[in-house]
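Asker: See run32.csv below, with CSV, C-alpha atoms.
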chain,number,residue,atom,x,y,z
W,1,MET,CA,0.0,0.0,0.0
W,2,SER,CA,1.3,3.5,-0.9
W,3,LEU,CA,-0.3,6.5,0.8
W,4,PHE,CA,1.3,9.9,0.8
W,5,LYS,CA,0.6,13.5,1.4
W,6,ARG,CA,1.2,16.4,-1.1
W,7,SER,CA,2.2,19.9,-0.1
W,8,ASP,CA,-0.7,21.4,-2.0
W,9,SER,CA,-3.5,19.3,-0.5
W,10,PRO,CA,-4.6,18.4,3.1
W,11,ASN,CA,-5.8,15.0,1.8
W,12,TRP,CA,-4.1,11.7,1.6
W,13,TRP,CA,-3.2,10.4,-1.9
W,14,VAL,CA,-2.9,6.9,-3.1
W,15,LYS,CA,-0.4,5.5,-5.6
W,16,LEU,CA,-0.8,2.1,-7.3
W,17,ASN,CA,0.6,0.2,-10.3
W,18,HIS,CA,-2.0,-2.0,-12.0
W,19,ASN,CA,-1.3,-3.9,-15.2
W,20,GLY,CA,1.6,-1.6,-16.0
W,21,ARG,CA,-0.6,1.5,-15.5
W,22,ARG,CA,0.3,3.9,-12.8
W,23,ILE,CA,-2.7,5.2,-10.8
W,24,GLN,CA,-2.2,8.3,-8.6
W,25,GLN,CA,-5.2,10.1,-7.1
W,26,SER,CA,-6.6,11.9,-4.1
W,27,THR,CA,-8.5,9.8,-1.5
W,28,GLY,CA,-10.6,12.9,-0.7
W,29,THR,CA,-9.9,12.7,3.0
W,30,SER,CA,-7.3,13.8,5.5
W,31,ASP,CA,-8.1,11.0,7.8
W,32,GLU,CA,-5.5,8.2,7.5
W,33,LYS,CA,-7.8,5.4,8.5
W,34,ARG,CA,-10.4,6.4,5.9
W,35,ALA,CA,-7.6,6.9,3.3
W,36,ARG,CA,-6.6,3.2,3.9
W,37,GLU,CA,-10.2,2.1,3.4
W,38,TYR,CA,-10.3,4.1,0.1
W,39,HIS,CA,-7.0,2.4,-1.0
W,40,ASP,CA,-8.4,-1.1,-0.3
W,41,LYS,CA,-11.6,-0.4,-2.1
W,42,LEU,CA,-9.8,1.0,-5.1
W,43,LYS,CA,-7.6,-2.1,-5.2
W,44,ALA,CA,-10.6,-4.4,-5.0
W,45,SER,CA,-12.4,-2.4,-7.7
W,46,LEU,CA,-9.4,-2.8,-10.0
W,47,TRP,CA,-9.5,-6.5,-9.5
W,48,ASP,CA,-13.2,-6.7,-10.3
W,49,GLN,CA,-12.6,-4.7,-13.4
W,50,GLU,CA,-9.9,-7.1,-14.6
W,51,ARG,CA,-11.4,-10.4,-13.6
W,52,LEU,CA,-15.2,-9.9,-13.7
W,53,GLY,CA,-15.5,-7.2,-16.4
W,54,ILE,CA,-17.2,-4.7,-14.1
W,55,LYS,CA,-17.2,-1.1,-15.4
W,56,PRO,CA,-14.6,0.9,-13.5
W,57,SER,CA,-15.7,3.4,-10.9
W,58,HIS,CA,-14.5,7.0,-11.4
W,59,SER,CA,-14.5,9.9,-9.1
W,60,TRP,CA,-15.9,13.4,-9.5
W,61,ASN,CA,-12.3,14.8,-9.3
W,62,GLU,CA,-11.3,12.6,-12.3
W,63,ALA,CA,-14.3,13.9,-14.2
W,64,VAL,CA,-13.5,17.5,-13.4
W,65,VAL,CA,-9.9,17.3,-14.5
W,66,ARG,CA,-10.8,15.6,-17.8
W,67,TYR,CA,-13.7,18.0,-18.4
W,68,LEU,CA,-11.5,21.1,-17.9
W,69,ALA,CA,-8.8,19.7,-20.1
W,70,GLU,CA,-11.2,18.9,-22.9
W,71,MET,CA,-13.1,22.2,-22.6
W,72,SER,CA,-10.1,24.5,-22.3
W,73,HIS,CA,-11.2,26.2,-25.5
W,74,LYS,CA,-14.4,27.6,-24.0
W,75,ALA,CA,-14.5,31.4,-23.5
W,76,SER,CA,-16.0,30.8,-20.1
W,77,HIS,CA,-13.3,28.3,-19.0
W,78,SER,CA,-12.1,30.5,-16.1
W,79,ASP,CA,-15.7,30.9,-14.9
W,80,ASP,CA,-16.2,27.1,-15.1
W,81,LYS,CA,-13.2,26.6,-12.9
W,82,ALA,CA,-14.5,29.1,-10.3
W,83,HIS,CA,-17.8,27.3,-10.1
W,84,LEU,CA,-16.1,23.9,-9.9
W,85,ARG,CA,-13.9,25.1,-7.1
W,86,TRP,CA,-17.0,26.1,-5.1
W,87,VAL,CA,-18.6,22.6,-5.8
W,88,ASP,CA,-15.5,20.8,-4.6
W,89,ARG,CA,-16.6,21.2,-1.0
W,90,PHE,CA,-19.6,18.9,-1.7
W,91,LEU,CA,-18.3,16.5,-4.4
W,92,GLY,CA,-14.5,16.4,-3.8
W,93,GLY,CA,-13.5,12.7,-3.5
W,94,ALA,CA,-17.0,11.4,-4.3
W,95,GLU,CA,-17.6,8.7,-6.8
W,96,LEU,CA,-19.6,9.7,-9.9
W,97,LYS,CA,-22.2,7.0,-9.4
W,98,SER,CA,-23.0,8.2,-5.9
W,99,ILE,CA,-24.1,11.6,-7.3
W,100,ASN,CA,-27.9,11.4,-7.4
W,101,ARG,CA,-30.8,13.8,-7.5
W,102,ASP,CA,-30.8,14.3,-3.7
W,103,VAL,CA,-27.1,15.2,-3.8
W,104,VAL,CA,-27.6,17.7,-6.7
W,105,ASP,CA,-30.6,19.3,-4.9
W,106,ARG,CA,-28.6,19.8,-1.7
W,107,ILE,CA,-25.9,21.6,-3.7
W,108,LEU,CA,-28.5,23.8,-5.3
W,109,ALA,CA,-29.9,24.7,-1.9
W,110,ALA,CA,-26.5,25.5,-0.5
W,111,ARG,CA,-25.8,27.7,-3.5
W,112,GLN,CA,-29.0,29.6,-2.9
W,113,ALA,CA,-28.1,30.0,0.8
W,114,ASP,CA,-25.1,32.0,-0.3
W,115,GLY,CA,-27.5,34.7,-1.2
W,116,VAL,CA,-26.5,34.9,-4.9
W,117,ALA,CA,-28.9,35.5,-7.8
W,118,ASN,CA,-30.8,32.7,-9.5
W,119,SER,CA,-28.7,33.2,-12.6
W,120,THR,CA,-25.5,32.5,-10.6
W,121,VAL,CA,-27.0,29.4,-9.1
W,122,ASN,CA,-27.9,28.2,-12.5
W,123,ARG,CA,-24.5,28.8,-13.9
W,124,THR,CA,-23.0,26.6,-11.2
W,125,MET,CA,-25.6,23.9,-11.8
W,126,GLU,CA,-25.1,24.0,-15.5
W,127,VAL,CA,-21.4,23.2,-15.1
W,128,ILE,CA,-22.2,20.2,-12.8
W,129,ARG,CA,-24.7,19.0,-15.4
W,130,ALA,CA,-22.2,19.4,-18.2
W,131,VAL,CA,-19.6,17.4,-16.4
W,132,LEU,CA,-22.1,14.6,-15.6
W,133,ARG,CA,-23.4,14.5,-19.1
W,134,ARG,CA,-20.0,14.3,-20.6
W,135,ALA,CA,-19.1,11.5,-18.2
W,136,ALA,CA,-22.2,9.5,-19.3
W,137,HIS,CA,-22.4,10.3,-23.0
W,138,GLU,CA,-18.8,10.9,-24.1
W,139,TRP,CA,-16.7,8.8,-21.7
W,140,GLU,CA,-19.2,6.1,-20.8
W,141,TRP,CA,-18.3,6.4,-17.1
W,142,LEU,CA,-22.0,6.6,-16.0
W,143,ASP,CA,-25.1,4.8,-17.1
W,144,ARG,CA,-27.4,7.7,-16.3
W,145,VAL,CA,-27.3,11.3,-15.3
W,146,PRO,CA,-29.5,12.7,-12.5
W,147,ARG,CA,-31.8,15.5,-13.4
W,148,VAL,CA,-30.4,18.9,-12.6
W,149,ARG,CA,-33.0,21.4,-11.7
W,150,MET,CA,-32.7,25.1,-12.7
W,151,LEU,CA,-34.2,28.1,-11.1
W,152,PRO,CA,-36.3,30.7,-12.9
W,153,GLU,CA,-34.5,33.7,-14.2
W,154,PRO,CA,-36.3,37.0,-14.7
W,155,LYS,CA,-36.1,38.3,-18.2
W,156,ARG,CA,-34.6,41.8,-17.8
W,157,ARG,CA,-35.1,44.5,-20.3
W,158,VAL,CA,-32.1,45.5,-22.5
W,159,ARG,CA,-30.3,48.4,-20.9
W,160,TRP,CA,-29.2,51.0,-23.5
W,161,LEU,CA,-28.5,54.7,-23.6
W,162,THR,CA,-30.2,57.4,-25.6
W,163,ARG,CA,-28.0,59.6,-27.8
W,164,GLU,CA,-28.4,62.4,-25.3
W,165,GLU,CA,-27.3,60.2,-22.4
W,166,ALA,CA,-24.3,58.9,-24.3
W,167,ASP,CA,-23.2,62.5,-25.1
W,168,ARG,CA,-23.5,63.4,-21.4
W,169,LEU,CA,-21.5,60.4,-20.4
W,170,ILE,CA,-18.7,61.0,-22.9
W,171,ALA,CA,-18.4,64.6,-22.0
W,172,ALA,CA,-18.0,63.8,-18.3
W,173,LEU,CA,-15.4,61.0,-18.6
W,174,PRO,CA,-11.6,61.4,-18.6
W,175,GLU,CA,-10.2,61.3,-22.1
W,176,HIS,CA,-8.8,57.7,-22.0
W,177,LEU,CA,-12.2,56.3,-21.0
W,178,ALA,CA,-14.2,58.7,-23.3
W,179,VAL,CA,-12.4,57.6,-26.4
W,180,MET,CA,-13.0,53.9,-25.6
W,181,VAL,CA,-16.7,54.6,-25.0
W,182,ARG,CA,-16.9,56.4,-28.4
W,183,PHE,CA,-15.2,53.5,-30.1
W,184,SER,CA,-17.4,50.9,-28.3
W,185,LEU,CA,-20.6,52.8,-29.4
W,186,GLU,CA,-19.3,52.8,-33.0
W,187,THR,CA,-18.2,49.1,-33.2
W,188,GLY,CA,-20.2,47.2,-30.5
W,189,LEU,CA,-17.0,45.4,-29.5
W,190,ARG,CA,-16.8,43.7,-26.1
W,191,ARG,CA,-14.7,45.4,-23.3
W,192,SER,CA,-11.7,42.9,-23.7
W,193,ASN,CA,-11.6,43.4,-27.4
W,194,VAL,CA,-11.5,47.2,-27.0
W,195,THR,CA,-8.8,47.3,-24.3
W,196,GLY,CA,-6.8,44.6,-26.0
W,197,LEU,CA,-7.0,46.0,-29.5
W,198,GLU,CA,-3.5,46.2,-31.2
W,199,TRP,CA,-2.3,48.3,-34.1
W,200,SER,CA,-1.6,45.0,-36.0
W,201,GLN,CA,-5.4,44.4,-35.9
W,202,VAL,CA,-6.3,47.7,-37.6
W,203,ASP,CA,-6.2,48.7,-41.3
W,204,LEU,CA,-7.2,52.4,-41.5
W,205,ALA,CA,-6.8,52.5,-45.3
W,206,ARG,CA,-9.4,49.8,-45.7
W,207,ARG,CA,-11.4,51.1,-42.7
W,208,THR,CA,-11.5,47.8,-41.0
W,209,ALA,CA,-10.3,46.0,-37.9
W,210,TRP,CA,-10.5,42.3,-36.9
W,211,ILE,CA,-10.8,40.2,-33.8
W,212,HIS,CA,-8.8,36.9,-33.8
W,213,PRO,CA,-10.7,33.7,-33.0
W,214,ASP,CA,-8.9,33.3,-29.6
W,215,GLN,CA,-10.1,36.8,-28.7
W,216,ALA,CA,-13.7,36.3,-29.6
W,217,LYS,CA,-16.3,34.8,-27.2
W,218,ALA,CA,-17.7,32.5,-29.9
W,219,ARG,CA,-14.1,31.6,-30.9
W,220,LYS,CA,-14.6,32.8,-34.4
W,221,ALA,CA,-12.8,35.6,-36.2
W,222,ILE,CA,-14.8,38.8,-36.4
W,223,ALA,CA,-14.3,41.4,-39.2
W,224,VAL,CA,-15.1,44.9,-37.8
W,225,PRO,CA,-16.0,47.5,-40.4
W,226,LEU,CA,-15.0,50.9,-39.1
W,227,SER,CA,-17.4,53.9,-39.4
W,228,ALA,CA,-16.0,57.3,-40.2
W,229,ALA,CA,-16.4,58.2,-36.5
W,230,ALA,CA,-14.5,55.0,-35.4
W,231,VAL,CA,-11.6,55.9,-37.8
W,232,VAL,CA,-11.4,59.4,-36.2
W,233,VAL,CA,-11.2,57.8,-32.7
W,234,ILE,CA,-8.4,55.5,-33.8
W,235,ARG,CA,-6.4,58.2,-35.6
W,236,GLU,CA,-6.5,60.2,-32.4
W,237,GLN,CA,-4.6,57.4,-30.7
W,238,ILE,CA,-1.7,57.2,-33.2
W,239,GLY,CA,1.7,57.6,-31.5
W,240,LYS,CA,0.5,57.0,-27.9
W,241,HIS,CA,1.6,53.4,-27.7
W,242,LEU,CA,3.7,51.1,-29.8
W,243,THR,CA,1.4,48.1,-29.9
W,244,ARG,CA,-1.9,48.9,-28.2
W,245,VAL,CA,-4.5,51.3,-29.7
W,246,PHE,CA,-5.9,52.5,-26.3
W,247,CYS,CA,-3.7,53.4,-23.4
W,248,PHE,CA,-3.5,55.7,-20.4
W,249,ARG,CA,-0.3,57.6,-19.6
W,250,GLY,CA,1.7,55.4,-22.0
W,251,LYS,CA,0.5,52.1,-20.6
W,252,PRO,CA,-2.2,49.7,-22.0
W,253,VAL,CA,-5.6,50.1,-20.3
W,254,ARG,CA,-6.5,46.8,-18.6
W,255,GLN,CA,-9.5,47.9,-16.4
W,256,VAL,CA,-12.4,50.1,-17.3
W,257,ASN,CA,-14.9,49.4,-14.5
W,258,THR,CA,-13.1,51.7,-12.2
W,259,LYS,CA,-14.1,54.0,-9.4
W,260,THR,CA,-13.9,56.9,-11.8
W,261,TRP,CA,-16.3,55.2,-14.2
W,262,ARG,CA,-18.8,54.6,-11.5
W,263,LEU,CA,-18.6,58.1,-10.1
W,264,VAL,CA,-19.1,59.6,-13.5
W,265,LEU,CA,-22.2,57.5,-14.1
W,266,GLN,CA,-23.6,58.7,-10.8
W,267,ARG,CA,-22.7,62.3,-11.5
W,268,VAL,CA,-24.5,62.4,-14.9
W,269,GLY,CA,-27.5,60.5,-13.6
W,270,ILE,CA,-27.2,57.2,-15.4
W,271,GLU,CA,-28.3,54.3,-13.2
W,272,ASN,CA,-28.1,50.5,-13.6
W,273,PHE,CA,-25.5,50.7,-16.4
W,274,ARG,CA,-22.5,48.5,-17.0
W,275,TRP,CA,-19.7,48.8,-19.5
W,276,HIS,CA,-21.1,45.8,-21.4
W,277,ASP,CA,-24.3,47.8,-21.8
W,278,LEU,CA,-22.4,49.9,-24.4
W,279,ARG,CA,-22.7,46.9,-26.6
W,280,HIS,CA,-26.4,46.7,-26.0
W,281,THR,CA,-26.6,50.4,-26.8
W,282,TRP,CA,-24.8,49.9,-30.1
W,283,ALA,CA,-27.1,47.0,-31.1
W,284,SER,CA,-30.2,48.9,-30.0
W,285,TRP,CA,-29.2,52.0,-32.1
W,286,HIS,CA,-28.6,49.7,-35.1
W,287,VAL,CA,-32.0,48.1,-34.8
W,288,GLN,CA,-33.7,51.4,-34.4
W,289,ALA,CA,-31.9,52.6,-37.6
W,290,GLY,CA,-33.4,49.7,-39.5
W,291,THR,CA,-30.3,47.3,-39.6
W,292,PRO,CA,-31.7,43.8,-40.3
W,293,LEU,CA,-31.1,41.3,-37.5
W,294,HIS,CA,-29.1,38.9,-39.7
W,295,VAL,CA,-26.7,41.8,-40.5
W,296,LEU,CA,-26.5,42.8,-36.9
W,297,GLN,CA,-25.7,39.2,-36.0
W,298,GLU,CA,-22.7,39.2,-38.3
W,299,LEU,CA,-21.5,42.7,-37.2
W,300,GLY,CA,-21.6,41.7,-33.6
W,301,GLY,CA,-20.1,38.2,-34.0
W,302,TRP,CA,-23.0,36.4,-32.5
W,303,GLU,CA,-23.3,32.7,-33.2
W,304,CYS,CA,-27.0,32.6,-34.1
W,305,VAL,CA,-29.7,35.1,-34.9
W,306,GLU,CA,-31.6,34.1,-31.7
W,307,MET,CA,-29.0,36.0,-29.7
W,308,VAL,CA,-30.0,39.3,-31.3
W,309,ARG,CA,-33.7,38.8,-31.2
W,310,LYS,CA,-33.8,40.5,-27.8
W,311,TYR,CA,-33.3,43.8,-29.7
W,312,ALA,CA,-36.0,43.1,-32.3
W,313,HIS,CA,-38.8,44.9,-30.3
W,314,LEU,CA,-36.9,48.2,-30.6
W,315,SER,CA,-37.8,48.5,-34.3
W,316,SER,CA,-41.0,47.9,-36.2
W,317,VAL,CA,-39.7,49.1,-39.6
W,318,HIS,CA,-39.9,45.7,-41.1
W,319,LEU,CA,-43.6,45.4,-40.1
W,320,ALA,CA,-44.7,48.8,-41.4
W,321,GLU,CA,-45.7,47.7,-44.9
W,322,TYR,CA,-47.9,44.9,-43.5
W,323,VAL,CA,-49.6,47.4,-41.2
W,324,ASP,CA,-50.2,49.7,-44.1
W,325,ARG,CA,-51.8,46.9,-46.2
W,326,ALA,CA,-54.5,46.3,-43.5
W,327,SER,CA,-54.8,50.0,-42.9
W,328,SER,CA,-55.4,50.6,-46.7
W,329,LEU,CA,-58.1,48.0,-46.8
W,330,ARG,CA,-59.9,49.6,-43.8
W,331,LEU,CA,-59.6,53.0,-45.4
W,332,VAL,CA,-61.1,51.9,-48.7
W,333,ALA,CA,-64.0,50.2,-46.8
W,334,THR,CA,-64.6,53.3,-44.7
W,335,GLU,CA,-64.6,55.6,-47.7
W,336,GLY,CA,-67.1,53.4,-49.4
W,337,VAL,CA,-69.5,53.5,-46.4
W,338,ALA,CA,-69.1,57.3,-46.3
W,339,THR,CA,-69.9,57.7,-50.0
W,340,ASN,CA,-73.0,55.5,-49.7
W,341,GLN,CA,-74.2,57.6,-46.7
W,342,LEU,CA,-73.8,60.8,-48.7
W,343,ARG,CA,-75.8,59.4,-51.6
W,344,ALA,CA,-78.6,58.3,-49.3
W,345,GLN,CA,-78.8,61.8,-47.8
W,346,LYS,CA,-79.1,63.4,-51.3
Here is the file; what I need is its structure written in the form of structure tokens.
Answerer:
Amino acid sequence: MSLFKRSDSPNWWVKLNHNGRRIQQSTGTSDEKRAREYHDKLKASLWDQERLGIKPSHSWNEAVVRYLAEMSHKASHSDDKAHLRWVDRFLGGAELKSINRDVVDRILAARQADGVANSTVNRTMEVIRAVLRRAAHEWEWLDRVPRVRMLPEPKRRVRWLTREEADRLIAALPEHLAVMVRFSLETGLRRSNVTGLEWSQVDLARRTAWIHPDQAKARKAIAVPLSAAAVVVIREQIGKHLTRVFCFRGKPVRQVNTKTWRLVLQRVGIENFRWHDLRHTWASWHVQAGTPLHVLQELGGWECVEMVRKYAHLSSVHLAEYVDRASSLRLVATEGVATNQLRAQK
């Protein structure tokens, strides 16, 4: 038997050699007696797998490590890790097959008890569900997946600025934030794409910029046509930094949600507004100007048109001709009745 401790973990770890394969994993406990029991069960399980053909048992920790490795391309990979770190207090060291509906519901209740929003609870539960589904359907480690319940999330309205509000905000901001707001409102780019924009990604002659796949949320390259106003903003930044387009006192801007940003919002009377809402504002202005949703989808780099439908209610231009058709029919009918009434009076 080989049990040992690692400097980065309070738990005992087990190390075995089985059929030429080295097995090293956490026992999930800091108690030496329980760690020995874990070791003995693991050894017996390996024997059952070899001699009796029984499906091997896998732990939640194994599943998490494999899931994170296989899903490292996800834009939300760091968020997934944060959620899984929180879940570890409940499932660390547990066998996958022991995770049933009761266990999942207890985790959901504990997450709610933290006082976080339903949306945060759901993001945590979604990651748990994703790991379990992958273990069952991709790796064949599980025969079935317990149902993971989700909480209702209120559908909030899209927060966007009027032109007058945007002008007030820009006028009150310090220059380095004001130019980034102006550029965001012209391009609809996400915060990280604006702060991380490099001169190598801009072609002023062709009035275009581009976001590389590894910089995009959907992991697809985005071509960004630059309006005349966006070109003006970029030209104003020439010579301020060697590689980055936007900088502050000669250094790249890395954070925009600063105390200054929040104080200016308060000073100009703009409430419940985040930096990301600049993207909502850009999209809302486009829809109100008559930009078709499929064009807006491509401009914004969204994966599917469903993701831009939340802006559809802001414009009724595409419905006007159908309203006029019905209105014209009613007008003709009304005029006909009025004419007949006049004839009768005569």
Asker: May I have the residues at most 12 Å from (-24.3, 65.2, -21.7) in the file's coordinates, counting all atoms listed in the file, as number ranges by chain?
Answerer: W: 161-173, 264-265, 267-270
Asker: Please report the interatomic distance between atom CA of W:His313 and atom CA of W:Asp277 in Å with one decimal.
Answerer: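 It comes out at 17.1 Å.
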Asker: Would you please work out which residue, of W:Thr243, W:Thr258, W:Gln215, W:Asn193, is nearest to W:His73 when using all atoms listed in the file?
Answerer: W:Gln215
Asker: Of the candidates W:Ser26, W:Pro213, W:Val148, W:Ala135, which one gets nearest to W:Lys74 if we count all atoms listed in the file?
Answerer: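 Smallest separation from W:Lys74 among the options: W:Pro213.
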Asker: Using all atoms listed in the file, find the one residue out of W:His176, W:Arg190, W:Arg129, W:His294 that sits nearest to W:Asp80.
Answerer: W:Arg129
Asker: Within 10 Å of (-9.3, 37.6, -25.8), in the coordinates the file gives, what residues turn up when you count all atoms listed in the file, written out as number ranges by chain?
Answerer: W: 75, 190-197, 211-217, 219
Asker: Identify which of the residues W:Gly239, W:Gly92, W:Pro252, W:Gly188 lies closest to W:Leu226, counting all atoms listed in the file when measuring atom-to-atom distances.
Answerer: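 Closest to W:Leu226 of all the choices is W:Gly188.
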Asker: Could you give me, as a list of chain:residue names, the residues within 12 Å of W:Leu299, counting all atoms listed in the file and dropping anything in the same chain fewer than 5 positions from it?
Answerer: W:Glu186, W:Thr187, W:Gly188, W:Leu189, W:Thr208, W:Ala209, W:Trp210, W:Ile211, W:Ala221, W:Ile222, W:Ala223, W:Val224, W:Pro225, W:Leu226, W:Arg279, W:Trp282, W:Ala283, W:His286, W:Thr291, W:Pro292, W:Leu293, W:His294, W:Cys304, W:Val305, W:Val308
Asker: Tell me, in Å to one decimal, how far atom CA of W:Thr281 is from atom CA of W:Arg309.
Answerer: 14.3 Å
Asker: Mind pulling up the distance from atom CA of W:Pro10 to atom CA of W:Gln112?
Answerer: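 Distance between the two atoms: 27.5 Å.
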Asker: Using all atoms listed in the file, which protein or nucleic acid residues come within 12 Å of W:Gln25? Drop anything in the same chain fewer than 6 positions from it, and give the result as a PyMOL selection string.
Answerer: chain W and resi 2-6+9+11-17+35+38-39+42+58-62+65+92-93
Asker: For each of W:Glu126, W:Asp79, W:Asp8, W:Glu175, take the minimum atom-to-atom distance to W:Thr260, counting all atoms listed in the file, then give the residue where this is smallest.
Answerer: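 Comparing W:Glu126, W:Asp79, W:Asp8, W:Glu175 against W:Thr260, the winner is W:Glu175.
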Asker: When you count only C-alpha atoms, which of these residues is closest to W:Arg144: W:Ile99, W:Leu91, W:Ala69, W:Ile107?
Answerer: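 Nearest candidate to W:Arg144 out of W:Ile99, W:Leu91, W:Ala69, W:Ile107: W:Ile99.
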Asker: Do you know which residues are at most 10 Å from W:Ala63 counting all atoms listed in the file, after dropping those on the same chain fewer than 5 positions away, and could you put them as number ranges by chain?
Answerer: W: 58, 68-69, 95-96, 131-132, 134-135, 139, 141
